[in-house]
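The structure appears right after this line, and notes come after that.
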Amino acid sequence: MPKRVGMEVSIAASEAVRLANVDAIAAYPITPQTHIVEHLSEFVANGELDAEFIPVESEHSAMSVCCGTSAAGARTFTCTSSQGLALMSEIVFIASAMQLPIVMILANRSLSGPLSIWNDHTDVMLVRDCGWIQCFGENGQEIFDLTLCAFKIAEDHRVILPFIVNMDGFILSHVIEPVELLDQETVDKFLPVYKPVYRLDPDNPVTMGAFAMPDLYTETKKAQDERLKASKPVIEEIWKEFGDLTGRYYSPIETYKAEGAKTLFVTMGGFSETASTAVDMMREEGEPVGLCKIRLWRPFPFEDFWKAVKGVDTLIVIDRATSYGGPGGPVASELRSALYTWEDAPKVVDFIAGLAGRDVAPGDYKKMYQRAQQRIASGDIAGYEIYGVRE
Amino acid sequence: MPEYTRLIHNYLRHDKKFPHVWCPGCGNGILLGSLIRAIDKTGLSKDDIVLVSGIGCSGRLPVYVDFNTLHTTHGRALTYATGVKLAKPSLNVITIMGDGDSMAIGGNHFIHAARRNIDITAIILNNSIYGMTGGQYSPTTPYGMRASTAVYNSIEQAFKISELAVTAGAVFVGRQTVYNAKLLDNLIEKAILKKGFSVVEVVTHCHVQYGRQNKLGSAVDMLKWQRDNSIPVEKAAKMSPEELKDKIITGILVDKDLPVYEEEYEKVRERAKGLA
């Protein structure tokens, strides 16, 4: 039985990348991603990881290098946050279109301005439609596990797509948690050497990143969309395989105390643990509440979501990004859309909370629950409310 | 009122933004002092000065001063500054950047601003490392020095910022250490008054990241190193490359005149309007 060791979550993440035996890492420093990349550079320098470590001069170059190494057939990793993601976003879209199975950890941080280094989900929502597989982890163990699985999923020949593992900046990246690592032998069995279908090879030349005229562009986009959607069963299969190996099972949608619940909170990432505490607290007080955690954000797991919320009266969504002038936070908008054709769809009450490191404590969930009752009673559930604004 | 009190009251947002974020002993504060003394000597009005910064320890500097200030994205201070200068050429535009800011992510902007000869003063704080993010090596980390992304020491060659600026076409280029603060005052004053793209490379120390990782001692030790390794450009002209290895050549490296971008731009406008 592997031992649980206390370590910073960033170190656990870099351990996963080391165990995955990546071939190439390209990154540029940005808070709060730095510890992951620093540890990886140390592994490479110490000879503990036989990889090319390429510290580039910007994130745009980081993702460009990643596309190059991945296209050449190397298992490739990068890591960024916030402004870094914004700068690399041009190439992020190209990586998925070119089917390059790069794995990226995103230490989620708010976007400037005002300049802030703290945690929310505005950065990942910027690239919501980039065509990468995107999932969220809520603690150090999950980040370690999901990162390892990410390589296997991304490189599976039924998938071959890049993968973002979202890890909340600071509230995950910089905390010390007990994490159970795997040994190299187990990982090697689970995650064999990457075998690309196509790669840049002088002996067998291929064209990557070609130009598409209007007669082809639409077809490539449809193919890309279908490929991303078709990755879902593979994701589930590999998460199941990982669960059988370690006893830690992951699902696209996970629930906590949802049985008999009339109201479900909906969260993504690190907030889910606080929300669980809040649910415990409120259940003790007799409130019929539970929690629905979205682990897989892209491809969005519609069927699983429908199953999880069936028979529930209300969903209280905690959005951690704003869609200025839009219908609601990105998560709530998506869920409303997913429920649109349902006759007895649960009411979706949207709160935008926890922006740029603003704390959302268990008591806040209780307040949001009460506020949601008020909003429902007054018929004011369209749109969204930015929670906890100091007036 | 003593002179320094007058400067503080006149130029610093002393009642709002302090304490500052810099580590005790950091050279950024010395540069801040030099900058406000130099601006004071030029006699320019505070309202005619725009201070633009990028991201990093240097990026915080405009926050503390009472000019028109603009704190922008990483590496892009010069692009914002170019926009400001073209929109209102009468303003005196100064950028504050770090070595990572100006040489890595913003390196392209830097060489093109120099080539274009737009009337901006670019002050670059060179501490040889990414200080704020935790001591990763930057394009100015010298070969063989340690950083948190180069634990067996850097295997790359460093950019020489001032020499790069000269080659890229800047009309005024000077280098000085924060140790020689008085000389730095004079250099910054000249750079601000110069028409065209002028660069001041400020050699400073990051004893917390660069110093600690390379066992270079305290801030005072690193300031002494600056004192003992600075060679004025006039003296350096008579020395061999071997003698100049690892030395800091200080003073004005170039001071020449070329057509200034915004003036040339104005001429084009007038021609297009049929006025000239």
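Ordered as shown in the structure tokens, chains take letters A, B, and onward, while each chain numbers its residues from 1 and ligands are numbered from 1 in the order shown.
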
So which residues touch B:Arg60 within 12 Å, counting only C-alpha atoms, skipping near sequence neighbours fewer than 2 positions away, as a short mmCIF file (atom, residue, chain, number, x, y, z; two decimals) with N, CA and C atoms, in the first residue's frame?
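Contents of around16.cif, as written:
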data_model
loop_
_atom_site.label_atom_id
_atom_site.label_comp_id
_atom_site.auth_asym_id
_atom_site.auth_seq_id
_atom_site.Cartn_x
_atom_site.Cartn_y
_atom_site.Cartn_z
N LEU A 115 -5.17 44.18 -11.88
CA LEU A 115 -4.18 43.14 -11.73
C LEU A 115 -4.42 42.39 -10.43
N LYS B 17 -0.14 54.75 -0.98
CA LYS B 17 0.31 53.47 -1.54
C LYS B 17 1.42 52.79 -0.74
N PHE B 18 1.84 53.40 0.34
CA PHE B 18 2.94 52.80 1.08
C PHE B 18 2.39 52.02 2.27
N PRO B 19 3.09 51.02 2.78
CA PRO B 19 4.45 50.58 2.41
C PRO B 19 4.48 49.90 1.03
N HIS B 20 5.65 49.99 0.40
CA HIS B 20 5.81 49.38 -0.93
C HIS B 20 6.04 47.87 -0.79
N VAL B 21 6.03 47.18 -1.94
CA VAL B 21 6.13 45.71 -1.90
C VAL B 21 7.57 45.20 -1.94
N TRP B 22 8.53 46.09 -2.18
CA TRP B 22 9.91 45.62 -2.39
C TRP B 22 10.53 45.11 -1.10
N ASN B 28 15.42 48.76 -6.15
CA ASN B 28 14.35 49.46 -6.86
C ASN B 28 14.03 50.80 -6.19
N GLY B 29 14.12 50.83 -4.86
CA GLY B 29 13.85 52.07 -4.14
C GLY B 29 14.89 53.13 -4.45
N LEU B 32 13.96 54.53 -7.69
CA LEU B 32 12.80 55.41 -7.53
C LEU B 32 13.25 56.79 -7.05
N LEU B 51 4.34 57.73 -16.67
CA LEU B 51 5.22 56.63 -16.30
C LEU B 51 4.47 55.33 -16.59
N VAL B 52 5.08 54.49 -17.44
CA VAL B 52 4.42 53.25 -17.86
C VAL B 52 5.29 52.07 -17.41
N SER B 53 4.66 51.06 -16.84
CA SER B 53 5.45 49.89 -16.44
C SER B 53 4.78 48.62 -16.92
N GLY B 54 5.54 47.52 -16.86
CA GLY B 54 5.01 46.20 -17.20
C GLY B 54 4.71 45.42 -15.94
N ILE B 55 5.18 44.19 -15.88
CA ILE B 55 4.90 43.33 -14.73
C ILE B 55 6.22 42.84 -14.13
N GLY B 56 6.19 42.67 -12.85
CA GLY B 56 7.39 42.24 -12.11
C GLY B 56 7.61 43.22 -10.99
N CYS B 57 8.73 43.06 -10.27
CA CYS B 57 9.01 43.99 -9.16
C CYS B 57 9.06 45.42 -9.67
N SER B 58 9.64 45.61 -10.85
CA SER B 58 9.75 46.95 -11.43
C SER B 58 8.37 47.52 -11.74
N PRO B 62 5.46 52.67 -10.76
CA PRO B 62 4.57 53.80 -11.04
C PRO B 62 3.43 53.95 -10.03
N VAL B 63 3.14 52.87 -9.33
CA VAL B 63 2.06 52.93 -8.35
C VAL B 63 2.37 53.95 -7.25
N TYR B 64 3.66 54.14 -7.01
CA TYR B 64 4.06 54.94 -5.84
C TYR B 64 4.28 56.42 -6.14
N VAL B 65 4.17 56.81 -7.40
CA VAL B 65 4.52 58.20 -7.74
C VAL B 65 3.33 58.96 -8.30
N THR B 69 0.21 57.65 -14.50
CA THR B 69 0.87 56.34 -14.46
C THR B 69 -0.01 55.26 -15.09
N LEU B 70 0.67 54.28 -15.65
CA LEU B 70 -0.01 53.21 -16.37
C LEU B 70 0.74 51.91 -16.08
N HIS B 71 0.06 51.00 -15.39
CA HIS B 71 0.67 49.71 -15.02
C HIS B 71 0.07 48.68 -15.95
N THR B 72 0.86 48.13 -16.85
CA THR B 72 0.30 47.35 -17.97
C THR B 72 0.62 45.86 -17.84
N THR B 73 0.57 45.16 -18.95
CA THR B 73 0.81 43.72 -18.95
C THR B 73 2.30 43.40 -19.13
N HIS B 74 2.64 42.15 -18.89
CA HIS B 74 4.04 41.74 -18.87
C HIS B 74 4.71 41.94 -20.24
N THR B 95 9.23 54.70 -19.60
CA THR B 95 8.82 53.34 -19.21
C THR B 95 9.81 52.80 -18.18
N ILE B 96 9.24 52.02 -17.25
CA ILE B 96 10.06 51.31 -16.26
C ILE B 96 9.85 49.83 -16.51
N MET B 97 10.92 49.13 -16.82
CA MET B 97 10.78 47.68 -17.08
C MET B 97 11.87 46.94 -16.34
N GLY B 98 11.66 45.64 -16.18
CA GLY B 98 12.72 44.81 -15.63
C GLY B 98 13.45 44.11 -16.76
N MET B 132 10.28 38.55 -8.81
CA MET B 132 8.96 38.44 -8.21
C MET B 132 8.40 37.02 -8.25
#

Item to complete: For chain B, work out the contacting residues on chain A at 8 Å, counting only C-alpha atoms, and write them as a ChimeraX atom specification.
Response: /A:29-31,34,37-38,41-42,45,55,57-58

Now that the selection is made, can you save its residues with N, CA, C and O atoms as an mmCIF file, in the first residue's frame?
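Saved the output as part.cif:
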data_model
loop_
_atom_site.group_PDB
_atom_site.id
_atom_site.type_symbol
_atom_site.label_atom_id
_atom_site.label_comp_id
_atom_site.auth_asym_id
_atom_site.auth_seq_id
_atom_site.Cartn_x
_atom_site.Cartn_y
_atom_site.Cartn_z
ATOM 1 N N PRO A 29 7.748 31.518 -16.503
ATOM 2 C CA PRO A 29 7.261 31.671 -15.123
ATOM 3 C C PRO A 29 6.080 32.630 -14.980
ATOM 4 O O PRO A 29 6.106 33.723 -15.540
ATOM 5 N N ILE A 30 5.058 32.190 -14.258
ATOM 6 C CA ILE A 30 3.975 33.092 -13.867
ATOM 7 C C ILE A 30 3.378 32.564 -12.564
ATOM 8 O O ILE A 30 3.120 31.369 -12.426
ATOM 9 N N THR A 31 3.184 33.466 -11.622
ATOM 10 C CA THR A 31 2.530 33.121 -10.371
ATOM 11 C C THR A 31 1.076 32.750 -10.675
ATOM 12 O O THR A 31 0.454 33.449 -11.469
ATOM 13 N N THR A 34 4.550 28.711 -10.792
ATOM 14 C CA THR A 34 6.017 28.574 -10.814
ATOM 15 C C THR A 34 6.581 27.330 -10.137
ATOM 16 O O THR A 34 7.533 26.748 -10.644
ATOM 17 N N VAL A 37 6.896 24.175 -12.352
ATOM 18 C CA VAL A 37 7.936 24.218 -13.381
ATOM 19 C C VAL A 37 9.322 24.175 -12.745
ATOM 20 O O VAL A 37 10.236 23.516 -13.247
ATOM 21 N N GLU A 38 9.470 24.856 -11.607
ATOM 22 C CA GLU A 38 10.773 24.820 -10.926
ATOM 23 C C GLU A 38 11.156 23.396 -10.540
ATOM 24 O O GLU A 38 12.298 22.973 -10.720
ATOM 25 N N SER A 41 12.183 21.477 -13.570
ATOM 26 C CA SER A 41 13.519 21.846 -14.067
ATOM 27 C C SER A 41 14.588 21.185 -13.203
ATOM 28 O O SER A 41 15.639 20.770 -13.692
ATOM 29 N N GLU A 42 14.283 21.037 -11.913
ATOM 30 C CA GLU A 42 15.225 20.390 -11.012
ATOM 31 C C GLU A 42 15.337 18.889 -11.333
ATOM 32 O O GLU A 42 16.429 18.338 -11.360
ATOM 33 N N ALA A 45 17.436 18.636 -14.398
ATOM 34 C CA ALA A 45 18.835 18.946 -14.114
ATOM 35 C C ALA A 45 19.499 17.828 -13.311
ATOM 36 O O ALA A 45 20.668 17.519 -13.507
ATOM 37 N N PRO A 55 13.018 26.597 -21.147
ATOM 38 C CA PRO A 55 12.438 27.804 -20.545
ATOM 39 C C PRO A 55 12.442 28.933 -21.575
ATOM 40 O O PRO A 55 13.469 29.531 -21.840
ATOM 41 N N GLU A 57 10.841 32.466 -23.762
ATOM 42 C CA GLU A 57 10.783 33.873 -23.383
ATOM 43 C C GLU A 57 9.359 34.417 -23.293
ATOM 44 O O GLU A 57 9.174 35.587 -22.987
ATOM 45 N N SER A 58 8.354 33.577 -23.512
ATOM 46 C CA SER A 58 6.978 34.008 -23.280
ATOM 47 C C SER A 58 6.082 32.778 -23.379
ATOM 48 O O SER A 58 6.501 31.738 -23.888
#

Practice prompt. Report the residues of stretch 14-206 of chain B whose backbone DSSP state falls under strand (DSSP E or B), written as a PyMOL selection string.
Written response: chain B and resi 49-53+65+68-71+92-98+120-126+129-130+136-137+147+150+172-177+198-203

Item to complete: List the neighbours of A:Val17 out to 12 Å using only C-alpha atoms; skip same-chain residues closer than 3 positions along the sequence, and give me the result as a VMD selection string.
Response: chain A and resid 10 to 14 20 to 25 36 to 37 39 to 41 43 to 44 48 to 51 75 to 79 102 to 105 143 to 152 165 181 to 182 184 187 191

Could you take the residues named above and write them with N, CA and C atoms, as a compact mmCIF listing (two decimals), in the first residue's frame?
# COMPACT_ATOMS: atom_id res chain seq x y z
N SER A 10 1.70 21.60 -5.69
CA SER A 10 2.52 21.82 -6.89
C SER A 10 3.58 20.74 -7.04
N ILE A 11 4.13 20.30 -5.92
CA ILE A 11 5.15 19.23 -5.98
C ILE A 11 4.49 17.92 -6.40
N ALA A 12 3.31 17.66 -5.87
CA ALA A 12 2.59 16.45 -6.28
C ALA A 12 2.33 16.47 -7.78
N ALA A 13 1.95 17.66 -8.27
CA ALA A 13 1.69 17.79 -9.71
C ALA A 13 2.95 17.52 -10.51
N SER A 14 4.09 18.07 -10.06
CA SER A 14 5.32 17.84 -10.81
C SER A 14 5.78 16.39 -10.68
N ALA A 20 5.14 10.40 -15.28
CA ALA A 20 4.62 10.20 -16.64
C ALA A 20 5.76 10.17 -17.66
N ASN A 21 6.96 10.45 -17.16
CA ASN A 21 8.15 10.36 -17.99
C ASN A 21 8.02 11.17 -19.28
N VAL A 22 7.68 12.44 -19.11
CA VAL A 22 7.50 13.30 -20.29
C VAL A 22 8.82 13.48 -21.02
N ASP A 23 8.72 13.82 -22.28
CA ASP A 23 9.92 14.02 -23.10
C ASP A 23 10.27 15.49 -23.22
N ALA A 24 9.28 16.36 -23.12
CA ALA A 24 9.55 17.79 -23.33
C ALA A 24 8.65 18.64 -22.44
N ILE A 25 9.26 19.70 -21.89
CA ILE A 25 8.52 20.66 -21.07
C ILE A 25 8.95 22.05 -21.54
N ILE A 36 5.61 24.33 -9.87
CA ILE A 36 5.54 23.10 -10.68
C ILE A 36 6.72 23.06 -11.66
N VAL A 37 6.90 24.17 -12.35
CA VAL A 37 7.94 24.22 -13.38
C VAL A 37 9.32 24.17 -12.75
N HIS A 39 10.18 22.67 -10.00
CA HIS A 39 10.50 21.30 -9.59
C HIS A 39 10.84 20.44 -10.79
N LEU A 40 10.12 20.66 -11.89
CA LEU A 40 10.42 19.88 -13.08
C LEU A 40 11.82 20.20 -13.61
N SER A 41 12.18 21.48 -13.57
CA SER A 41 13.52 21.85 -14.07
C SER A 41 14.59 21.19 -13.20
N PHE A 43 14.19 18.27 -11.59
CA PHE A 43 14.22 16.84 -11.96
C PHE A 43 15.08 16.63 -13.21
N VAL A 44 14.89 17.51 -14.19
CA VAL A 44 15.64 17.37 -15.44
C VAL A 44 17.12 17.59 -15.17
N GLU A 48 16.81 13.04 -12.96
CA GLU A 48 15.71 12.18 -12.51
C GLU A 48 14.62 12.08 -13.57
N LEU A 49 14.67 12.96 -14.53
CA LEU A 49 13.70 12.95 -15.62
C LEU A 49 14.46 13.25 -16.90
N ASP A 50 14.38 12.30 -17.84
CA ASP A 50 15.11 12.47 -19.10
C ASP A 50 14.21 13.21 -20.08
N ALA A 51 14.23 14.53 -19.99
CA ALA A 51 13.36 15.34 -20.85
C ALA A 51 14.08 16.60 -21.28
N ARG A 75 6.19 13.23 -25.71
CA ARG A 75 5.17 13.46 -24.67
C ARG A 75 5.48 14.82 -24.06
N THR A 76 4.51 15.73 -24.13
CA THR A 76 4.79 17.14 -23.87
C THR A 76 3.92 17.70 -22.76
N PHE A 77 4.55 18.51 -21.93
CA PHE A 77 3.83 19.13 -20.81
C PHE A 77 4.13 20.62 -20.73
N THR A 78 3.12 21.39 -20.35
CA THR A 78 3.35 22.79 -20.01
C THR A 78 2.40 23.18 -18.89
N CYS A 79 2.61 24.37 -18.39
CA CYS A 79 1.89 24.78 -17.21
C CYS A 79 1.83 26.31 -17.23
N ILE A 102 -0.95 17.44 -25.98
CA ILE A 102 -0.18 18.14 -24.95
C ILE A 102 -0.99 18.13 -23.65
N VAL A 103 -0.33 17.98 -22.53
CA VAL A 103 -1.02 18.11 -21.25
C VAL A 103 -0.57 19.40 -20.59
N MET A 104 -1.54 20.17 -20.13
CA MET A 104 -1.25 21.45 -19.48
C MET A 104 -1.95 21.49 -18.12
N ILE A 105 -1.21 21.89 -17.10
CA ILE A 105 -1.87 22.20 -15.83
C ILE A 105 -2.07 23.70 -15.81
N ILE A 143 -5.33 16.21 -8.23
CA ILE A 143 -4.46 16.83 -9.24
C ILE A 143 -3.41 15.82 -9.70
N PHE A 144 -2.84 15.12 -8.74
CA PHE A 144 -1.84 14.09 -9.07
C PHE A 144 -2.46 13.02 -9.99
N ASP A 145 -3.59 12.51 -9.56
CA ASP A 145 -4.23 11.42 -10.30
C ASP A 145 -4.68 11.88 -11.70
N LEU A 146 -5.35 13.03 -11.72
CA LEU A 146 -5.92 13.49 -12.99
C LEU A 146 -4.82 13.83 -13.99
N THR A 147 -3.68 14.31 -13.50
CA THR A 147 -2.58 14.64 -14.40
C THR A 147 -2.03 13.38 -15.05
N LEU A 148 -1.87 12.33 -14.25
CA LEU A 148 -1.38 11.06 -14.83
C LEU A 148 -2.38 10.53 -15.86
N CYS A 149 -3.65 10.55 -15.47
CA CYS A 149 -4.68 10.06 -16.40
C CYS A 149 -4.72 10.91 -17.66
N ALA A 150 -4.46 12.22 -17.51
CA ALA A 150 -4.57 13.14 -18.65
C ALA A 150 -3.67 12.69 -19.80
N PHE A 151 -2.46 12.26 -19.48
CA PHE A 151 -1.54 11.82 -20.54
C PHE A 151 -2.12 10.61 -21.26
N LYS A 152 -2.63 9.66 -20.47
CA LYS A 152 -3.14 8.42 -21.08
C LYS A 152 -4.36 8.71 -21.96
N VAL A 165 -5.68 20.25 -17.15
CA VAL A 165 -6.07 19.91 -15.78
C VAL A 165 -6.10 21.23 -15.00
N LEU A 181 1.51 8.97 -3.70
CA LEU A 181 2.11 8.88 -5.03
C LEU A 181 2.10 7.41 -5.48
N LEU A 182 2.36 7.22 -6.76
CA LEU A 182 2.47 5.85 -7.28
C LEU A 182 3.94 5.57 -7.58
N GLN A 184 7.09 4.05 -9.95
CA GLN A 184 7.34 4.16 -11.38
C GLN A 184 6.84 2.93 -12.14
N VAL A 187 3.14 3.14 -12.68
CA VAL A 187 2.81 4.17 -13.67
C VAL A 187 3.19 3.70 -15.07
N LEU A 191 0.67 3.73 -17.96
CA LEU A 191 0.91 4.73 -19.00
C LEU A 191 2.15 4.34 -19.81

Worksheet item: Expressed in Å to a single decimal, how great is the separation between atom CA of A:Pro2 and atom CA of A:Gln33?
Response: 27.0 Å

Item to complete: Select from stretch 42-212 of chain B everything DSSP, run on the backbone, classes as helix (DSSP H, G or I), then give the selection as a ChimeraX atom specification.
Response: /B:42,46-48,57-64,77-87,99-105,107-116,161-168,181-193,207-212

Discussion item. Ranking B:Val84, B:Asn229, B:Asn10, B:Ile124 by minimum distance to B:Glu243 and counting only C-alpha atoms, which one comes first?
Written reply: B:Asn229

Discussion item. Please report the interatomic distance between atom CA of B:Ile36 and atom CA of B:Ser218 in Å with one decimal.
Written reply: 26.0 Å
